[in-house]
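Notes follow the structure.
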Amino acid sequence: MKYTHHFQVKWHDTDANREVRPSQILMYMQETANLQLKFSGIPLDDLRDKHGLGFLLSRISVRIYEPLYAHDEIDVQTWICDSRGLSFNRCFCILKDGRTVAEAYSVWALMDLRERRLVKVNDFRFEFPGDDPLDIDLPRRVHFPSMLQVEIAGERTIRYCDIDYNGHMNNTRYPDMLCDFVPEIFSKRVLGFTLSYLHEATYGHTLKVERAQQEGGYWFRTTDSDGTVCLEAYLLTEERNELVK
């Protein structure tokens with residue numbers, strides 16, 4: 001069963017090219033999922049505070065077909081897909097004037113925060129039925145290519161503006177963070193991204209950001225000071241015909 005929420009794009013969600021930033025696309029999607037849970041009687045805060053459970057994003061592929069601008073009216077849809085084992089699968093679709101402007105396929109894990117163990121799908125049932133999954137034309141998993149030339153793009157310290165109630169960097173912050181490390185980002189448009197979350201990035205830690213360029217996009221890997229890989233990602237881009245003034 002698909003759940004739909006209506007948004008009006010805020011001016012502050014846009015970038016220097018007056019287009020909605022990639023992180024905001026992800027935020028609209030996940031806020032809609034949060035609202036579906038809330039109106040089904042299991043809001044995220046209750047899930048954590050009363051039941052000691054929390055959803056963690058494992059990986060997501062987001063395809064952006066056309067940009068959004070300030071004050072656009074959009075409908076965001078989300079639904080649960082066929083899930084099994086330890087993987088909770090969820091899809092998203094953003095519609096503008098009836099057109100699909102963005103889609104996503106995601107895989108989540110449910111953590112028992114008290115016992116620090118993952119919960120099986122069969123042990124947690126949603127109150128609403130699922131629907132068919134989307135087929136996104138992006139890799140569902142990121143395998144950082146060893147044959148490409150990898151360079152150190154810089155470092156990124158996790159600050160107050162990044163963390164959420166779980167105490168680590170919120171997954172919606174990553175797309176914009178990666179754009180910070182794309183050369184001449186204002187001359188490019190982000191067409192999509194795949195993010196694989198491997199380990200939490202916690203407050204005060206500084207991540208090393210590695211980058212490899214390939215025709216049509218960039219591969220990224222972020223590593224904590226102890227060598228733990230936190231994220232592997234692919235960013236699909238295209239050159240703009242018009243440049244920001």
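The way I read the labels, and the way they are meant: chains A, B, ... in the order of the structure tokens, residue 1 as the first residue of every chain, and ligand 1 as the first ligand shown, with later ones counted on from there.
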
Could you list, with a cut-off of 10 Å and counting only C-alpha atoms, the residues of region 93-136 of chain A near region 23-36 of chain A, each shown with its nearest atom pair and the distance in Å rounded to one decimal, rows sorted by chain and ascending number, as CSV?
residue,atom,partner,partner_atom,distance
A:Cys93,CA,A:Met29,CA,7.7
A:Ile94,CA,A:Met29,CA,7.8
A:Ala102,CA,A:Ile25,CA,8.1
A:Glu103,CA,A:Met29,CA,9.1
A:Ala104,CA,A:Met29,CA,8.4
A:Phe128,CA,A:Gln36,CA,9.3

In region 3-237 of chain A, what's alpha helix (DSSP H) per DSSP? Answer as number ranges by chain? A: 22-39, 44-49, 174-179

Margin query: Under the rule that only C-alpha atoms are counted, which of A:Tyr69, A:Phe186, A:Tyr203, A:Phe92 is the nearest residue to Tyr3 (chain A)?
Written below: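 Looking at the shortest contact to Tyr3 (chain A), the residue is A:Phe92.
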
*Selection: 9 Å around Gly167 (chain A), only C-alpha atoms, excl. self and same-chain fewer than 2 positions, as a VMD selection string*: chain A and resid 163 to 165 169 to 170 201 to 203

Export, as a PDB file, in the first residue's frame, the selected residues with C-alpha atoms.
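This is the output file result28.pdb:
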ATOM      1  CA  ILE A 163      23.918  14.289  13.974  1.00  0.00           C
ATOM      2  CA  ASP A 164      20.449  13.106  14.902  1.00  0.00           C
ATOM      3  CA  TYR A 165      18.820  11.470  17.918  1.00  0.00           C
ATOM      4  CA  MET A 169      25.587  11.477  11.237  1.00  0.00           C
ATOM      5  CA  ASN A 170      22.101  11.333   9.757  1.00  0.00           C
ATOM      6  CA  ALA A 201      30.037   8.267  11.697  1.00  0.00           C
ATOM      7  CA  THR A 202      29.890   9.723  15.206  1.00  0.00           C
ATOM      8  CA  TYR A 203      30.078  13.244  16.593  1.00  0.00           C
TER       9      TYR A 203
END

| request: Skip Leu178 (chain A) itself and residues of its chain fewer than 6 positions away, then list as a list of chain:residue names all residues within 9 Å of it, counting only C-alpha atoms. | output: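 The residues that qualify are A:Val209, A:Phe220, A:Ala233, A:Leu235.
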
Atom pair CA of Ser61 (chain A) + CA of Pro133 (chain A), distance 12.5 Å

| request: Could you give me, as a PyMOL selection string, the residues within 7 Å of Arg140 (chain A), counting only C-alpha atoms and dropping anything in the same chain fewer than 2 positions from it? | output: chain A and resi 60-61+138+142+194

Please dump the current selection as a PDB file, in the first residue's frame; keep N, CA and C atoms.
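Writing the result to selection11.pdb gives the following:
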ATOM      1  N   ILE A  60      20.863   2.728  -0.349  1.00  0.00           N
ATOM      2  CA  ILE A  60      19.784   3.354  -1.095  1.00  0.00           C
ATOM      3  C   ILE A  60      20.302   3.819  -2.448  1.00  0.00           C
ATOM      4  N   SER A  61      19.470   3.650  -3.474  1.00  0.00           N
ATOM      5  CA  SER A  61      19.753   4.173  -4.809  1.00  0.00           C
ATOM      6  C   SER A  61      18.659   5.170  -5.158  1.00  0.00           C
ATOM      7  N   LEU A 138      20.468   2.278 -11.416  1.00  0.00           N
ATOM      8  CA  LEU A 138      21.705   2.577 -10.698  1.00  0.00           C
ATOM      9  C   LEU A 138      22.120   1.299  -9.967  1.00  0.00           C
ATOM     10  N   VAL A 142      27.385  -0.687  -3.834  1.00  0.00           N
ATOM     11  CA  VAL A 142      28.574   0.043  -4.258  1.00  0.00           C
ATOM     12  C   VAL A 142      29.785  -0.835  -4.009  1.00  0.00           C
ATOM     13  N   THR A 194      24.018   6.295  -5.333  1.00  0.00           N
ATOM     14  CA  THR A 194      23.859   5.084  -4.536  1.00  0.00           C
ATOM     15  C   THR A 194      24.752   5.207  -3.319  1.00  0.00           C
TER      16      THR A 194
END

Of the residues A:Thr100, A:Asn122, A:Ser187, A:Ser106, which is the one nearest to Gly85 (chain A), using only C-alpha atoms?
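The closest residue to Gly85 (chain A) is A:Asn122.
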
Discussion item. Need the shell around Val20 (chain A): protein/DNA/RNA residues with any atom at most 9 Å away, counting only C-alpha atoms. Skip same-chain ones fewer than 5 positions apart. Format as a ChimeraX atom specification?
Written reply: /A:9-15,25,67-70

Can I get the selection written as an mmCIF file, in the first residue's frame, with C-alpha atoms?
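Written out: selection-v3.cif:
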data_model
loop_
_atom_site.group_PDB
_atom_site.id
_atom_site.type_symbol
_atom_site.label_atom_id
_atom_site.label_comp_id
_atom_site.auth_asym_id
_atom_site.auth_seq_id
_atom_site.Cartn_x
_atom_site.Cartn_y
_atom_site.Cartn_z
ATOM 1 C CA VAL A 9 9.483 22.972 -1.865
ATOM 2 C CA LYS A 10 11.095 25.617 0.314
ATOM 3 C CA TRP A 11 13.439 28.249 -1.099
ATOM 4 C CA HIS A 12 15.986 27.247 1.545
ATOM 5 C CA ASP A 13 16.039 23.699 0.139
ATOM 6 C CA THR A 14 17.667 24.941 -3.071
ATOM 7 C CA ASP A 15 21.312 25.494 -3.999
ATOM 8 C CA ILE A 25 15.439 14.961 -2.143
ATOM 9 C CA PRO A 67 15.270 19.161 -10.981
ATOM 10 C CA LEU A 68 12.911 20.692 -8.444
ATOM 11 C CA TYR A 69 12.718 24.402 -7.701
ATOM 12 C CA ALA A 70 11.502 26.652 -4.891
#

**Prompt:** Looking at A:Trp219, A:Phe39, A:Tyr160, A:Phe124, which one is nearest to Asp112 (chain A), with distances taken over only C-alpha atoms?
**Reply:**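 Checking each candidate against Asp112 (chain A), we get A:Phe124 as the closest.
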
Which residues come within 6 Å of Leu231 (chain A), counting only C-alpha atoms, excluding same-chain residues fewer than 2 positions away, as a list in words?
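My reading of the contact set: Ser196, Tyr197, Leu198, Arg221, Thr222 and Val229 of chain A.
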
- Message: Among region 21-217 of chain A, which ones does DSSP assign to strand (DSSP E or B) (computed from the backbone)? Answer as a PyMOL selection string.
- Response: chain A and resi 53-64+73-80+84+87-96+99-112+117-119+150-157+163+168-169+188-197+202+206-214+217

For Gly192 (chain A), the closest of A:His168, A:Arg21, A:Arg156, A:His205 counting only C-alpha atoms is A:Arg21

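Going from CA of Val150 (chain A) over to CA of Tyr105 (chain A), you cover 27.6 Å.
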
Among listed residues A:Leu86, A:Ile158, A:Leu236, A:Ile185, nearest Thr206 (chain A) (using only C-alpha atoms) |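 Closest residue, counting only C-alpha atoms: A:Ile158.
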
note - CA of Asp135 (chain A) and CA of Pro22 (chain A) are separated by 19.8 Å
